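A.B. asks: Okay, handing you the structure first.
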Amino acid sequence: ILHVKDGRSIEDVEYLFDETDNVDFEGYTNFLPGTYFVDVAEEDEGKLQTIINALESDGDVVDAEENSMMHLIQPIMNSSNATETTGDFPNDPLYQEGKMWGQTAIGAEKVYELLKDFDVKRPSQVWVLDTGINKHEDLEAKLYKKDGHGHGTHCAGTIAALTNNGKGVSSLNVNNKFIELYAEKVLSDSGSGSIGGIAAGIKKAADEGADVISM
């Protein structure tokens with residue numbers, strides 16, 4: 001990933017076009033003004049740090065970095081095993097059984113009371129940049145992407161599960177009127193994705209009018 005100085009372009013970076021440096025570049029993509037994804041030939045990938053150092057020594061370059069892979073980590077599970085009934089609203093089973101410890105911790109019942117009859121001018125557009133969002137009886141999204149991992153769908157439920165429908169979990173998306181969900185798959189079904197791919201997802205969500213990006 002290459003970032004050049006204001007007023008410069010990739011054509012100004014001599015190292016990329018120097019035929020005597022014994023390094024081959026297969027092309028590039030202009031991601032944002034001044035920011036490029038540069039494709040290094042497969043046989044030169046072992047020289048990546050040398051290439052990055054050479055690029056950063058160019059006077060037209062701000063910085064360069066490897067398009068590294070990011071990976072999901074195993075979530076830390078709360079040890080709470082509370083099972084007492086929490087109240088009449090919402091009627092979602094896992095909330096009623098006291099297993100939605102996060103919502104209990106933030107005092108969600110008081111929030112529900114405030115939100116139940118709240119007049120919403122428009123819902124917030126929330127983009128979930130993750131492993132995707134599967135169709136599910138307790139979710140309603142504007143844009144689904146197949147999720148072979150489950151993490152993205154889980155996060156989407158935390159954000160905007162259909163609430164007070166007598167199914168599954170609850171969220172603060174009371175009466176399903178506060179949030180519109182959109183999925184952008186930036187992580188594979190194994191839970192991995194590149195910095196460049198994630199950045200592209202952020203740009204897409206922003207271009208489409210996201211109010212909130214969840215990662």
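How things are named: the first chain in the structure tokens is A, the next is B, and so on; residues count from 1 in each chain; ligands count from 1 in the order shown.
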Taking only range 62-206 of chain A into account, list the residues labelled helix (DSSP H, G or I) by DSSP (computed from the backbone), as a VMD selection string.
C.D. replies: chain A and resid 93 to 96 101 to 105 108 to 115 151 to 160 174 to 176 195 to 206
A.B. asks: Keeping N, CA and C atoms, export the residues of the selection given above as a CSV table (one decimal), in the first residue's frame.
C.D. replies:
chain,number,residue,atom,x,y,z
A,93,PRO,N,-36.6,-14.6,24.0
A,93,PRO,CA,-36.3,-15.6,25.0
A,93,PRO,C,-34.9,-15.4,25.7
A,94,LEU,N,-33.9,-15.2,25.0
A,94,LEU,CA,-32.5,-15.1,25.6
A,94,LEU,C,-32.4,-13.9,26.5
A,95,TYR,N,-33.2,-12.8,26.2
A,95,TYR,CA,-33.2,-11.7,27.0
A,95,TYR,C,-34.0,-12.0,28.3
A,96,GLN,N,-35.1,-12.6,28.1
A,96,GLN,CA,-36.0,-13.0,29.3
A,96,GLN,C,-35.3,-13.9,30.2
A,101,TRP,N,-26.1,-10.7,28.7
A,101,TRP,CA,-25.4,-10.0,29.8
A,101,TRP,C,-25.0,-8.6,29.5
A,102,GLY,N,-24.7,-8.4,28.2
A,102,GLY,CA,-24.2,-7.0,27.7
A,102,GLY,C,-25.4,-6.0,27.9
A,103,GLN,N,-26.6,-6.4,27.5
A,103,GLN,CA,-27.7,-5.5,27.6
A,103,GLN,C,-28.1,-5.2,29.1
A,104,THR,N,-27.9,-6.3,29.9
A,104,THR,CA,-28.2,-6.1,31.3
A,104,THR,C,-27.2,-5.1,31.9
A,105,ALA,N,-25.9,-5.2,31.5
A,105,ALA,CA,-24.8,-4.4,32.0
A,105,ALA,C,-25.1,-2.9,31.7
A,108,ALA,N,-30.4,-1.9,29.8
A,108,ALA,CA,-31.2,-1.9,28.5
A,108,ALA,C,-32.6,-1.6,28.8
A,109,GLU,N,-33.2,-2.2,29.9
A,109,GLU,CA,-34.6,-2.0,30.1
A,109,GLU,C,-35.0,-0.5,30.2
A,110,LYS,N,-34.2,0.3,30.8
A,110,LYS,CA,-34.5,1.7,30.9
A,110,LYS,C,-34.4,2.4,29.5
A,111,VAL,N,-33.4,1.9,28.7
A,111,VAL,CA,-33.3,2.4,27.3
A,111,VAL,C,-34.5,2.0,26.5
A,112,TYR,N,-35.0,0.8,26.7
A,112,TYR,CA,-36.2,0.3,26.0
A,112,TYR,C,-37.4,1.2,26.3
A,113,GLU,N,-37.5,1.6,27.5
A,113,GLU,CA,-38.6,2.5,27.9
A,113,GLU,C,-38.6,3.8,27.2
A,114,LEU,N,-37.4,4.3,27.0
A,114,LEU,CA,-37.2,5.6,26.3
A,114,LEU,C,-37.5,5.4,24.8
A,115,LEU,N,-37.1,4.3,24.2
A,115,LEU,CA,-37.2,4.1,22.8
A,115,LEU,C,-38.5,3.5,22.2
A,151,HIS,N,-19.4,-15.0,12.4
A,151,HIS,CA,-19.1,-13.8,13.2
A,151,HIS,C,-19.9,-12.6,12.8
A,152,GLY,N,-20.0,-12.3,11.5
A,152,GLY,CA,-20.7,-11.2,11.0
A,152,GLY,C,-22.2,-11.2,11.4
A,153,THR,N,-22.8,-12.4,11.2
A,153,THR,CA,-24.2,-12.6,11.6
A,153,THR,C,-24.4,-12.4,13.1
A,154,HIS,N,-23.5,-12.9,13.9
A,154,HIS,CA,-23.6,-12.7,15.3
A,154,HIS,C,-23.5,-11.2,15.7
A,155,CYS,N,-22.6,-10.5,15.1
A,155,CYS,CA,-22.4,-9.0,15.4
A,155,CYS,C,-23.7,-8.3,14.9
A,156,ALA,N,-24.2,-8.7,13.7
A,156,ALA,CA,-25.4,-8.0,13.2
A,156,ALA,C,-26.6,-8.2,14.2
A,157,GLY,N,-26.7,-9.4,14.8
A,157,GLY,CA,-27.7,-9.6,15.8
A,157,GLY,C,-27.6,-8.7,17.0
A,158,THR,N,-26.3,-8.5,17.5
A,158,THR,CA,-26.1,-7.7,18.6
A,158,THR,C,-26.5,-6.2,18.3
A,159,ILE,N,-26.3,-5.8,17.0
A,159,ILE,CA,-26.6,-4.5,16.6
A,159,ILE,C,-28.1,-4.3,16.4
A,160,ALA,N,-28.7,-5.2,15.7
A,160,ALA,CA,-30.1,-4.9,15.2
A,160,ALA,C,-31.0,-6.1,15.1
A,174,VAL,N,-35.3,-1.2,18.8
A,174,VAL,CA,-36.6,-1.4,19.2
A,174,VAL,C,-37.6,-1.2,18.1
A,175,ASN,N,-38.5,-2.1,17.9
A,175,ASN,CA,-39.5,-2.1,16.9
A,175,ASN,C,-38.9,-2.1,15.5
A,176,ASN,N,-37.6,-2.4,15.4
A,176,ASN,CA,-36.9,-2.5,14.1
A,176,ASN,C,-37.0,-1.2,13.3
A,195,ILE,N,-5.7,-5.8,4.8
A,195,ILE,CA,-5.9,-4.4,5.1
A,195,ILE,C,-6.5,-3.7,3.9
A,196,GLY,N,-6.0,-4.0,2.7
A,196,GLY,CA,-6.5,-3.3,1.5
A,196,GLY,C,-8.0,-3.6,1.3
A,197,GLY,N,-8.4,-4.9,1.5
A,197,GLY,CA,-9.8,-5.3,1.3
A,197,GLY,C,-10.7,-4.6,2.3
A,198,ILE,N,-10.2,-4.5,3.6
A,198,ILE,CA,-11.0,-3.9,4.6
A,198,ILE,C,-11.1,-2.4,4.3
A,199,ALA,N,-10.0,-1.8,3.9
A,199,ALA,CA,-10.1,-0.3,3.5
A,199,ALA,C,-11.1,-0.1,2.4
A,200,ALA,N,-11.1,-1.0,1.4
A,200,ALA,CA,-12.0,-0.9,0.3
A,200,ALA,C,-13.4,-1.0,0.8
A,201,GLY,N,-13.7,-1.9,1.8
A,201,GLY,CA,-15.0,-2.0,2.4
A,201,GLY,C,-15.4,-0.7,3.1
A,202,ILE,N,-14.5,-0.1,3.8
A,202,ILE,CA,-14.8,1.2,4.5
A,202,ILE,C,-15.2,2.2,3.4
A,203,LYS,N,-14.4,2.3,2.3
A,203,LYS,CA,-14.7,3.3,1.3
A,203,LYS,C,-16.1,3.1,0.7
A,204,LYS,N,-16.4,1.8,0.4
A,204,LYS,CA,-17.7,1.5,-0.2
A,204,LYS,C,-18.8,1.9,0.7
A,205,ALA,N,-18.7,1.5,2.0
A,205,ALA,CA,-19.8,1.9,3.0
A,205,ALA,C,-19.9,3.4,3.1
A,206,ALA,N,-18.8,4.1,3.1
A,206,ALA,CA,-18.9,5.6,3.2
A,206,ALA,C,-19.5,6.2,1.9
A.B. asks: Select, from A:Glu14, A:Asp117, A:Glu97, A:Glu184, the residue with the minimum atom-to-atom distance to Leu129 in chain A, counting only C-alpha atoms.
C.D. replies: A:Glu184
A.B. asks: What are the DSSP strand (DSSP E) residues of range 28-150 of chain A, as an mmCIF file with C-alpha atoms, in the first residue's frame?
C.D. replies:
data_model
loop_
_atom_site.group_PDB
_atom_site.id
_atom_site.type_symbol
_atom_site.label_atom_id
_atom_site.label_comp_id
_atom_site.auth_asym_id
_atom_site.auth_seq_id
_atom_site.Cartn_x
_atom_site.Cartn_y
_atom_site.Cartn_z
ATOM 1 C CA TYR A 28 -1.374 -0.911 -9.391
ATOM 2 C CA THR A 29 -4.819 0.335 -8.380
ATOM 3 C CA ASN A 30 -5.551 3.951 -7.487
ATOM 4 C CA PHE A 31 -7.614 3.428 -4.333
ATOM 5 C CA LEU A 32 -7.905 7.030 -3.123
ATOM 6 C CA THR A 35 -3.068 6.109 -2.231
ATOM 7 C CA TYR A 36 -2.324 3.043 -4.359
ATOM 8 C CA PHE A 37 -2.381 -0.726 -4.076
ATOM 9 C CA VAL A 38 0.786 -1.917 -5.826
ATOM 10 C CA ASP A 39 1.021 -5.497 -7.108
ATOM 11 C CA VAL A 40 4.473 -7.024 -6.630
ATOM 12 C CA VAL A 61 6.472 8.910 -1.016
ATOM 13 C CA VAL A 62 4.866 9.526 2.393
ATOM 14 C CA ASP A 63 4.904 5.884 3.438
ATOM 15 C CA ALA A 64 4.547 2.311 2.216
ATOM 16 C CA MET A 69 -3.756 -10.049 6.535
ATOM 17 C CA MET A 70 -6.021 -9.435 9.524
ATOM 18 C CA HIS A 71 -7.600 -12.282 11.487
ATOM 19 C CA SER A 124 -29.376 4.898 10.847
ATOM 20 C CA GLN A 125 -27.614 3.070 8.048
ATOM 21 C CA VAL A 126 -25.238 0.623 9.735
ATOM 22 C CA TRP A 127 -22.716 -1.311 7.629
ATOM 23 C CA VAL A 128 -21.228 -4.451 9.147
ATOM 24 C CA LEU A 129 -17.756 -5.051 7.686
ATOM 25 C CA ASP A 130 -17.110 -8.635 8.654
ATOM 26 C CA ALA A 141 -31.016 -6.545 6.567
ATOM 27 C CA LYS A 142 -31.137 -4.354 3.478
ATOM 28 C CA LEU A 143 -28.075 -6.135 2.080
#
A.B. asks: Nearest to Lys145 in chain A: which of A:Gln49, A:Asn67, A:Ser188, A:Ser170 is it, counting only C-alpha atoms?
C.D. replies: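 Using only C-alpha atoms, Lys145 in chain A sits closest to A:Ser188.
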A.B. asks: Measuring atom to atom with only C-alpha atoms, identify which of A:Val169, A:Leu48, A:Leu16, A:Ile133 is nearest to Lys146 in chain A.
C.D. replies: A:Ile133
A.B. asks: Point out the residue among A:Glu11, A:Asp24, A:Asp147, A:Asp211 with the least atom-to-atom distance to Lys185 in chain A, counting only C-alpha atoms.
C.D. replies: A:Asp147
A.B. asks: Counting only C-alpha atoms, figure out which residue out of A:Asp18, A:Glu43, A:Asp12, A:Asp119 gets nearest to Asp60 in chain A.
C.D. replies: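 Among the listed residues, the smallest separation from Asp60 in chain A belongs to A:Asp12.
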A.B. asks: Could you pull the residues within 9 Å of Asn91 in chain A, counting only C-alpha atoms, minus those fewer than 5 positions along the same chain, as a list of chain:residue names?
C.D. replies: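 Selected residues are A:Gln96, A:Thr163, A:Asn164, A:Asn165, A:Gly166, A:Lys167, A:Ser170.
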A.B. asks: Go ahead and write the residues just picked, C-alpha atoms, as a PDB file, in the first residue's frame.
C.D. replies:
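Written file, part.pdb:
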ATOM      1  CA  GLN A  96     -35.955 -12.963  29.259  1.00  0.00           C
ATOM      2  CA  THR A 163     -36.666  -7.104  19.150  1.00  0.00           C
ATOM      3  CA  ASN A 164     -39.814  -8.044  21.037  1.00  0.00           C
ATOM      4  CA  ASN A 165     -40.697 -10.678  18.442  1.00  0.00           C
ATOM      5  CA  GLY A 166     -40.528 -13.629  20.831  1.00  0.00           C
ATOM      6  CA  LYS A 167     -37.506 -15.112  19.048  1.00  0.00           C
ATOM      7  CA  SER A 170     -32.823  -8.704  21.423  1.00  0.00           C
TER       8      SER A 170
END
A.B. asks: I'd like to know which of A:Val23, A:Leu172, A:Val4, A:Met100 is closest to Lys116 in chain A, using only C-alpha atoms.
C.D. replies: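 The answer is A:Leu172, which sits nearest to Lys116 in chain A.
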